[in-house]
Amino acid sequence: MWTRRTFITQTALAGMLAATDRSQQSYQLSGGAPLRPMTTQKIARTDLAVSRIAYGCAKLVPLNSAPLDASAISSAERLVQTSIDNGITLFDLADHYGYFKAEEAFGKVLHRSPRLRQRIVIQSKAGVRGQTQPWLPGGYYLDCSREHIVNSVEGSLRRLGTDHLDILLLHYPDALGEPQEIAAAFEDLTASGKVRYFGVSNHTVSQIELLRKVLRQPVVVNQIPLGLALCDVIADGLNGNLADSTRVTGIIDYCRLHDICLQAHSPLQGTFANLPADANPKAKEAARVLARIAAARSTTPWVISLAWLLRHPAAILPIIGSTDAAHITENCAADSVHLDREEWYGLLVSAAAALQS
Ligand SMILES: NC(=O)c1ccc[n+]([C@@H]2O[C@H](COP(=O)([O-])OP(=O)(O)OC[C@H]3O[C@@H](n4cnc5c(N)ncnc54)[C@H](OP(=O)(O)O)[C@@H]3O)[C@@H](O)[C@H]2O)c1
């Protein structure tokens with residue numbers, strides 16, 4: 001039986017598998033001006049202005065534990081170059097992405113094109129650790145201790161070959177995390193100049209409040225799962241019963257209230273753009289609405305899905321993670337699509353109904 005959750009899991013898995021079979025062709029980064037400039041937006045309480053769509057590097061390299069090879073570096077370079085050609089200037093990483101090879105590959109790309117570093121904003125994350133004990137379930141655990149955060153950033157800087165991260169996010173809220181320890185880590189990293197700005201990911205309102213109580217630095221980003229197929233936190237205002245127990249409501253308004261940049265991770269996971277044949281009728285109806293609007297706008301459902309996020313007044317910044325250069329180019333066209341209210345609500349209502357079914 002198809003459910004929205006199984007579909008999201010299956011598409012995530014399919015994406016990971018596809019990532020291991022990318023183009024082998026060699027690609028040299030030009031470092032020139034973007035071919036297609038993108039609208040930029042300022043990240044409040046920073047001096048950073050970034051493209052309104054970012055590129056996420058979770059699948060920048062094949063997801064296996066084999067050492068990084070020339071073809072993986074070349075493929076990563078092609079994805080980074082395509083992003084830059086389309087005006088993307090914000091790159092989202094995490095210490096452990098691609099078994100730590102995503103940062104390594106990104107570092108090699110930067111090394112080959114030294115002028116690139118000053119033209120882009122690098123965001124990475126800390127706090128997730130791979131388990132070393134085979135008897136532990138889950139495969140990973142969380143660690144937001146002072147020591148781990150600082151060590152993690154030092155590892156990221158080494159792999160990236162840069163002296164600072166523009167933004168560091170705490171990847172997930174660590175249930176054992178002590179806000180005072182996190183504050184101490186942020187102080188260390190600010191004093192050493194290794195991180196310019198700080199933010200969080202997958203955090204709820206109260207988790208951010210707890211941190212804000214002790215942090216001297218502002219929380220400038222919260223990166224959460226958000227998209228047309230993950231629209232419950234937006235649909236919240238439409239129907240208070242939509243959010244399930246894992247999604248604390250009010251996060252959108254809270255971030256706006258406190259000038260926290262809302263980043264949408266996995267914005268196209270489980271999208272209605274490519275439903276499986278056994279999808280339920282509500283999901284099929286959402287897909288029909290999406291396809292109709294895409295056809296009327298002479299574009300694709302993928303582009304409309306992203307344009308739907310961009311239309312929200314919270315200046316939501318989607319982090320796209322495509323492993324296909326043509327898809328990156330296609331998706332960046334969302335920057336020039338402005339949905340009207342009727343289209344936007346048509347998509348929300350049909351997506352929210354599918355979410356409930
Ligand atoms: N903070 C967190 O906890 C967290 C968690 C997950 C992800 N993230 C961040 O979010 C980023 C993006 O997530 P994601 O990898 O799930 O990416 P995504 O942009 O949501 O893409 C999801 C899937 O849609 C497919 N797709 C995208 N555009 C398409 C198009 N135009 N046509 C056909 N298929 C298309 C992709 O396949 P193709 O590869 O074939 O294009 C991919 O499998 C990650 O790289 C990471 O930086 C953060």
# chains A, B, ... in the order shown; residues from 1 in each chain; ligands from 1
call {"tool": "residues_near_ligand", "arguments": {"ligand": "ligand 1", "cutoff": "7 Å", "atoms": "only C-alpha atoms and all ligand atoms", "output": "ChimeraX atom specification"}}
result
/A:11-12,14-15,18-19,55-59,92-93,171-172,201-202,223-225,265-269,302-303,319-324,327-328,330-331
call {"tool": "select_by_dssp", "arguments": {"residues": "stretch 136-288 of chain A", "states": "strand (DSSP E or B)", "output": "PyMOL selection string"}}
result
chain A and resi 140-142+165-170+195-201+219-225+227+230+261-265
call {"tool": "closest_residue", "arguments": {"among": "A:Asp69, A:Asp335, A:Glu181, A:Asp340", "to": "A:Thr40", "atoms": "only C-alpha atoms"}}
result
A:Asp335
call {"tool": "atom_distance", "arguments": {"atom1": "atom CA of A:Glu147", "atom2": "atom CA of A:Gly127"}}
result
10.6 Å
call {"tool": "atom_distance", "arguments": {"atom1": "atom CA of A:Arg196", "atom2": "atom CA of A:Asp85"}}
result
25.9 Å
